[in-house]
Amino acid sequence: MKKAFVKSYGCQMNVYDASRMVDLLGREGFVETGTVEEADVVVLNTCHIREKAAEKVYSELGRLRVLKGERAEAGQDTTVVVAGCVAQAEGREILNRAPGVDVVVGPQSYHRLPQLLAASKAGRVVDTEFPVEDKFDHLPARRTPGVSAFLTVQEGCDKFCAFCVVPYTRGAEVSRAVDKIVAEAERLAAAGARELTLIGQNVNAFHGPGPDGRDWTLGELLRRVAAIPGVLRLRYTTSHPRDMDEALIAAHRDLPALMPYLHLPVQSGSDRILAAMNRKHDADTYRRLIDRVRTARPDIALSSDFIVGFPGETDADHAETMRLIADIGFASAFSFKYSPRPGTPAAESEDAVPEAVKSERLAELQALLERQRQDFNHATVGRTVPVLLEKPGRHPGQVAGKSPYLQAVQIDGDVAAIGTVVPVRITRAGSNSLFGEAIGEAAAAATAAA
Ligand code: SAH
Ligand code: SF4
Ligand code: F3S
């Protein structure tokens, strides 16, 4: 049996793509392995978003080269594939920098992986085209999606924020057709998925052709997918503030399946920096938008991305970001030091913020965000929340799942309950998970089965 090791870096879209590559390799007779030493094919699904992420790939490729040599001595071939956004951004250059690499394939052409693997027997190959055919039409159905599954509905980005490589690595914004998304969602639900997260680099810019010949919005798509039997929960990510339209906000008010959680990156609280970033919105527009979302769904948990140390950012700009965070209150967040990326407009700027200042600002910002996260989690203690049970817990006799607010929750219970939503009274907040007990009938079922 041939074995494939697939490792993903970066965003959820890469996780989704990696799972599709595993299915594709499965059709070619490969089984997935978690042990790289025994893999005949190794795929690194890479991320180019920050320098650190991209450089990690090269150190990994260095290790793989050694491993490949060892396996060759034992008479075993190893094919090394670099997929994802570094592949798209650097293409053939990867072959020069990393001698062990056999295949370089971009995010829009990985459906050709079987042909590329075959071609690599004769020599190293690179495919970073944006092909005319739809890669989704060439991918096999997913067999074991798990209780919570990602589903790509939109790809690429036309926003061109001054710091970001995504418009270059993923290409122009494209939405999939509603029928195809619905068919994939139905297959996922039939295979046991209970929660679907619709993903896209700019998911709320979705405008896929609907069955009625009109382009549908994300709000309309969510309504349609919520009607699929077996789909208990819906989420979507990642959104841009400019594309939060009325229909989407209304979906948060009207759709019980749509979870009260919104990841809405703002990046900065300073209007000057937001303008320099080419975000095309200011801080007050973001505040007002959040007010509207909270009016539609008062308990919504908010999440965001922040960049500190964008070129030209002053202490006063940073203070504006801190004020925005304090005003809004986030349940969770991701924050990064600005990293200049080749080919992006901001990388040309000459007023770089010193590394030490970036570090200070990041520490201050993360301390506030962490306090808000802990406060949010502690506020859940004593409440009863519906938890979708997703997998066995850390210890035998425990099951792990998620609250509507995307908090990890551990309960005592039987793994037979995985895939169901049970009411859980939260008793304690740890640093990364909540702990609680199933109540009512769910508790009885859990004990009876245990
Ligand atoms: N499409 C999403 C996010 C894309 S990348 C959006 O529009 O928000 C994920 C996050 O990485 C971004 O939100 C941003 O906070 C961060 N990021 C992107 N480019 C970066 C860079 N050059 N340096 C530091 N962080 C960056
Ligand atoms: Fe990057 Fe901006 Fe597009 Fe998000 S909206 S993917 S940050 S260019
Ligand atoms: Fe990284 Fe590409 Fe995603 S650069 S964040 S893997 S779109």
# chains A, B, ... in the order shown; residues from 1 in each chain; ligands from 1

$ select_by_dssp --residues "range 71-308 of chain A" --states "helix (DSSP H, G or I)" --output "ChimeraX atom specification"
/A:71-73,84-90,93-97,110-119,135-138,166-169,178-190,203-205,218-226,241-243,246-254,271-276,283-296

$ select_by_dssp --residues "range 171-372 of chain A" --states "strand (DSSP E)" --output "ChimeraX atom specification"
/A:174-175,195-199,233-237,261-263,301-308,332-337

$ residues_around --residues "Leu302 in chain A" --least-positions-apart "6" --cutoff "9 Å" --atoms "only C-alpha atoms" --output "PDB file with N, CA, C and O atoms, in the first residue's frame"
ATOM      1  N   PRO A 260     -23.806  32.114  16.472  1.00  0.00           N
ATOM      2  CA  PRO A 260     -23.561  33.509  16.856  1.00  0.00           C
ATOM      3  C   PRO A 260     -22.077  33.792  17.043  1.00  0.00           C
ATOM      4  O   PRO A 260     -21.587  33.972  18.151  1.00  0.00           O
ATOM      5  N   TYR A 261     -21.372  33.789  15.952  1.00  0.00           N
ATOM      6  CA  TYR A 261     -19.924  33.998  15.996  1.00  0.00           C
ATOM      7  C   TYR A 261     -19.535  34.669  14.688  1.00  0.00           C
ATOM      8  O   TYR A 261     -19.970  34.231  13.624  1.00  0.00           O
ATOM      9  N   LEU A 262     -18.747  35.715  14.782  1.00  0.00           N
ATOM     10  CA  LEU A 262     -18.351  36.420  13.558  1.00  0.00           C
ATOM     11  C   LEU A 262     -16.874  36.794  13.620  1.00  0.00           C
ATOM     12  O   LEU A 262     -16.450  37.528  14.514  1.00  0.00           O
ATOM     13  N   HIS A 263     -16.121  36.266  12.660  1.00  0.00           N
ATOM     14  CA  HIS A 263     -14.714  36.659  12.532  1.00  0.00           C
ATOM     15  C   HIS A 263     -14.653  37.757  11.480  1.00  0.00           C
ATOM     16  O   HIS A 263     -14.870  37.508  10.301  1.00  0.00           O
ATOM     17  N   LEU A 264     -14.396  38.971  11.942  1.00  0.00           N
ATOM     18  CA  LEU A 264     -14.432  40.113  11.032  1.00  0.00           C
ATOM     19  C   LEU A 264     -13.155  40.941  11.212  1.00  0.00           C
ATOM     20  O   LEU A 264     -13.106  41.856  12.035  1.00  0.00           O
ATOM     21  N   ILE A 290     -20.563  46.739  13.735  1.00  0.00           N
ATOM     22  CA  ILE A 290     -20.671  45.811  14.870  1.00  0.00           C
ATOM     23  C   ILE A 290     -21.962  46.089  15.651  1.00  0.00           C
ATOM     24  O   ILE A 290     -22.656  45.162  16.075  1.00  0.00           O
ATOM     25  N   ILE A 328     -14.985  47.519  21.647  1.00  0.00           N
ATOM     26  CA  ILE A 328     -15.797  46.451  21.072  1.00  0.00           C
ATOM     27  C   ILE A 328     -15.843  45.222  21.965  1.00  0.00           C
ATOM     28  O   ILE A 328     -16.908  44.708  22.254  1.00  0.00           O
ATOM     29  N   GLY A 329     -14.703  44.745  22.399  1.00  0.00           N
ATOM     30  CA  GLY A 329     -14.673  43.538  23.229  1.00  0.00           C
ATOM     31  C   GLY A 329     -14.749  42.306  22.351  1.00  0.00           C
ATOM     32  O   GLY A 329     -15.793  42.006  21.766  1.00  0.00           O
ATOM     33  N   PHE A 330     -13.629  41.612  22.243  1.00  0.00           N
ATOM     34  CA  PHE A 330     -13.573  40.446  21.362  1.00  0.00           C
ATOM     35  C   PHE A 330     -13.516  39.153  22.178  1.00  0.00           C
ATOM     36  O   PHE A 330     -12.872  39.101  23.228  1.00  0.00           O
ATOM     37  N   ALA A 331     -14.186  38.132  21.649  1.00  0.00           N
ATOM     38  CA  ALA A 331     -14.164  36.826  22.308  1.00  0.00           C
ATOM     39  C   ALA A 331     -12.880  36.081  21.964  1.00  0.00           C
ATOM     40  O   ALA A 331     -12.438  35.209  22.711  1.00  0.00           O
ATOM     41  N   SER A 332     -12.308  36.412  20.806  1.00  0.00           N
ATOM     42  CA  SER A 332     -11.033  35.811  20.422  1.00  0.00           C
ATOM     43  C   SER A 332     -10.440  36.652  19.312  1.00  0.00           C
ATOM     44  O   SER A 332     -11.133  37.503  18.746  1.00  0.00           O
ATOM     45  N   ALA A 333      -9.161  36.464  19.016  1.00  0.00           N
ATOM     46  CA  ALA A 333      -8.550  37.282  17.966  1.00  0.00           C
ATOM     47  C   ALA A 333      -7.199  36.698  17.567  1.00  0.00           C
ATOM     48  O   ALA A 333      -6.586  35.940  18.317  1.00  0.00           O
ATOM     49  N   TYR A 405     -20.384  29.644  20.441  1.00  0.00           N
ATOM     50  CA  TYR A 405     -19.424  30.746  20.338  1.00  0.00           C
ATOM     51  C   TYR A 405     -18.016  30.250  20.007  1.00  0.00           C
ATOM     52  O   TYR A 405     -17.031  30.933  20.279  1.00  0.00           O
TER      53      TYR A 405
END

$ residues_near_ligand --ligand "ligand 3" --cutoff "7 Å" --atoms "only C-alpha atoms and all ligand atoms" --output "list in words"
Tyr9, Gly10, Cys11, Gln12, Met13, Asn14, Thr46, Cys47, His48, Ile49, Gly84, Cys85, Val165, Val166, Thr169, Arg170 and Gln201 of chain A

$ residues_around --residues "Asn202 in chain A" --least-positions-apart "4" --cutoff "12 Å" --atoms "only C-alpha atoms" --output "PyMOL selection string"
chain A and resi 13+152-160+166-167+170-175+198+206-207+218+236-244+263-265

$ write_last_selection --atoms "C-alpha atoms" --output "CSV table (one decimal), in the first residue's frame"
chain,number,residue,atom,x,y,z
A,13,MET,CA,-8.7,27.2,2.9
A,152,THR,CA,-15.1,26.3,0.0
A,153,VAL,CA,-17.7,28.6,-1.6
A,154,GLN,CA,-15.5,31.5,-2.8
A,155,GLU,CA,-11.8,31.9,-3.5
A,156,GLY,CA,-9.4,34.6,-4.3
A,157,CYS,CA,-9.6,38.3,-3.5
A,158,ASP,CA,-9.9,41.6,-5.4
A,159,LYS,CA,-9.4,43.9,-2.4
A,160,PHE,CA,-5.6,44.3,-2.6
A,166,VAL,CA,-3.5,36.7,-1.2
A,167,PRO,CA,-4.7,38.5,-4.3
A,170,ARG,CA,-5.0,32.9,-4.9
A,171,GLY,CA,-5.9,35.1,-7.8
A,172,ALA,CA,-9.1,37.0,-8.6
A,173,GLU,CA,-12.3,36.6,-6.6
A,174,VAL,CA,-14.4,33.7,-7.9
A,175,SER,CA,-17.6,32.3,-6.4
A,198,LEU,CA,-18.5,28.0,4.4
A,206,PHE,CA,-19.8,35.6,-2.3
A,207,HIS,CA,-21.9,36.2,-5.5
A,218,LEU,CA,-23.9,34.8,1.1
A,236,TYR,CA,-18.6,31.2,7.6
A,237,THR,CA,-15.2,32.7,7.4
A,238,THR,CA,-13.3,35.0,6.5
A,239,SER,CA,-15.3,38.2,6.0
A,240,HIS,CA,-14.4,41.7,5.1
A,241,PRO,CA,-16.2,44.6,6.8
A,242,ARG,CA,-17.0,46.2,3.4
A,243,ASP,CA,-19.1,43.1,2.4
A,244,MET,CA,-21.2,42.7,5.5
A,263,HIS,CA,-14.7,36.7,12.5
A,264,LEU,CA,-14.4,40.1,11.0
A,265,PRO,CA,-10.8,41.3,10.6

$ residues_around --residues "Gly401 in chain A" --least-positions-apart "5" --cutoff "10 Å" --atoms "only C-alpha atoms" --output "list in words"
Val147, Ser148, Pro386, Val387, Leu388, Leu389, Glu390, Lys391, Pro392, Gly393, Leu406, Gln407, Ala408, Val409, Gln410, Ile411, Ile418, Gly419, Thr420, Val421, Val422, Ser433 and Leu434 of chain A

$ write_last_selection --atoms "N, CA and C atoms" --output "compact mmCIF listing (two decimals), in the first residue's frame"
# COMPACT_ATOMS: atom_id res chain seq x y z
N VAL A 147 -17.35 15.52 11.97
CA VAL A 147 -18.59 16.16 12.40
C VAL A 147 -18.64 17.62 11.92
N SER A 148 -17.47 18.26 11.91
CA SER A 148 -17.41 19.66 11.50
C SER A 148 -16.53 19.75 10.26
N PRO A 386 -25.89 24.93 24.16
CA PRO A 386 -25.89 23.74 23.32
C PRO A 386 -24.47 23.46 22.80
N VAL A 387 -24.02 22.22 22.95
CA VAL A 387 -22.67 21.86 22.52
C VAL A 387 -22.76 20.77 21.45
N LEU A 388 -22.12 21.01 20.33
CA LEU A 388 -22.02 19.97 19.29
C LEU A 388 -20.82 19.11 19.63
N LEU A 389 -21.07 17.82 19.92
CA LEU A 389 -19.97 16.92 20.31
C LEU A 389 -19.26 16.44 19.06
N GLU A 390 -17.95 16.64 19.02
CA GLU A 390 -17.19 16.41 17.78
C GLU A 390 -16.23 15.24 17.83
N LYS A 391 -15.66 14.96 19.02
CA LYS A 391 -14.62 13.93 19.05
C LYS A 391 -14.39 13.47 20.49
N PRO A 392 -13.67 12.34 20.66
CA PRO A 392 -13.36 11.91 22.02
C PRO A 392 -12.57 12.99 22.74
N GLY A 393 -12.74 13.10 24.04
CA GLY A 393 -12.05 14.13 24.81
C GLY A 393 -10.62 13.74 25.13
N LEU A 406 -17.94 29.03 19.48
CA LEU A 406 -16.69 28.42 19.04
C LEU A 406 -15.71 28.15 20.20
N GLN A 407 -16.24 28.05 21.43
CA GLN A 407 -15.38 27.68 22.55
C GLN A 407 -15.29 26.15 22.61
N ALA A 408 -14.09 25.65 22.90
CA ALA A 408 -13.92 24.21 23.10
C ALA A 408 -14.54 23.83 24.44
N VAL A 409 -15.33 22.75 24.44
CA VAL A 409 -16.00 22.31 25.68
C VAL A 409 -15.74 20.82 25.89
N GLN A 410 -15.39 20.47 27.12
CA GLN A 410 -15.18 19.06 27.48
C GLN A 410 -16.28 18.64 28.45
N ILE A 411 -16.90 17.46 28.19
CA ILE A 411 -17.87 16.94 29.17
C ILE A 411 -17.58 15.46 29.42
N ILE A 418 -21.24 11.51 19.93
CA ILE A 418 -20.56 12.38 18.96
C ILE A 418 -21.45 12.60 17.74
N GLY A 419 -21.55 13.84 17.32
CA GLY A 419 -22.42 14.17 16.19
C GLY A 419 -23.77 14.70 16.62
N THR A 420 -24.01 14.74 17.94
CA THR A 420 -25.27 15.31 18.42
C THR A 420 -25.00 16.62 19.17
N VAL A 421 -26.06 17.42 19.27
CA VAL A 421 -25.98 18.67 20.05
C VAL A 421 -26.66 18.41 21.38
N VAL A 422 -25.94 18.64 22.48
CA VAL A 422 -26.53 18.40 23.80
C VAL A 422 -26.45 19.69 24.64
N SER A 433 -10.12 25.62 27.36
CA SER A 433 -11.41 24.94 27.17
C SER A 433 -12.33 25.26 28.33
N LEU A 434 -13.61 25.04 28.05
CA LEU A 434 -14.61 25.09 29.11
C LEU A 434 -14.91 23.65 29.52

$ atom_distance --atom1 "CA of Met322 in chain A" --atom2 "CA of Ala429 in chain A"
25.4 Å

$ closest_residue --among "A:Ala416, A:Val266, A:Cys164, A:Val225" --to "Lys180 in chain A" --atoms "only C-alpha atoms"
A:Val225

$ closest_residue --among "A:Ser120, A:Asn204, A:Thr384, A:Gln372" --to "Asp77 in chain A" --atoms "only C-alpha atoms"
A:Ser120

$ closest_residue --among "A:Thr197, A:Ala251, A:Ser359, A:Ala53" --to "Glu220 in chain A" --atoms "only C-alpha atoms"
A:Ala251

$ residues_around --residues "Arg143 in chain A" --least-positions-apart "5" --cutoff "12 Å" --atoms "only C-alpha atoms" --output "JSON, numbers by chain"
{"A": [19, 20, 22, 23, 24, 26, 27, 149, 184, 187, 188, 189, 190, 191, 192, 193]}

$ residues_around --residues "Ala227 in chain A" --least-positions-apart "4" --cutoff "12 Å" --atoms "only C-alpha atoms" --output "VMD selection string"
chain A and resid 182 185 to 186 189 220 to 223 231 to 234 255 to 258

$ closest_residue --among "A:Val353, A:Val125, A:Ala326, A:Ala250" --to "Glu93 in chain A" --atoms "only C-alpha atoms"
A:Val125

$ closest_residue --among "A:Arg235, A:Arg428, A:Arg50, A:Arg224" --to "ligand 2" --atoms "only C-alpha atoms and all ligand atoms"
A:Arg50

$ closest_residue --among "A:Gly312, A:Pro342, A:Gly34, A:Gly62" --to "ligand 1" --atoms "only C-alpha atoms and all ligand atoms"
A:Pro342

$ atom_distance --atom1 "CA of Ala4 in chain A" --atom2 "CA of Thr33 in chain A"
5.8 Å

$ atom_distance --atom1 "CA of Ser268 in chain A" --atom2 "CA of Ile307 in chain A"
6.6 Å
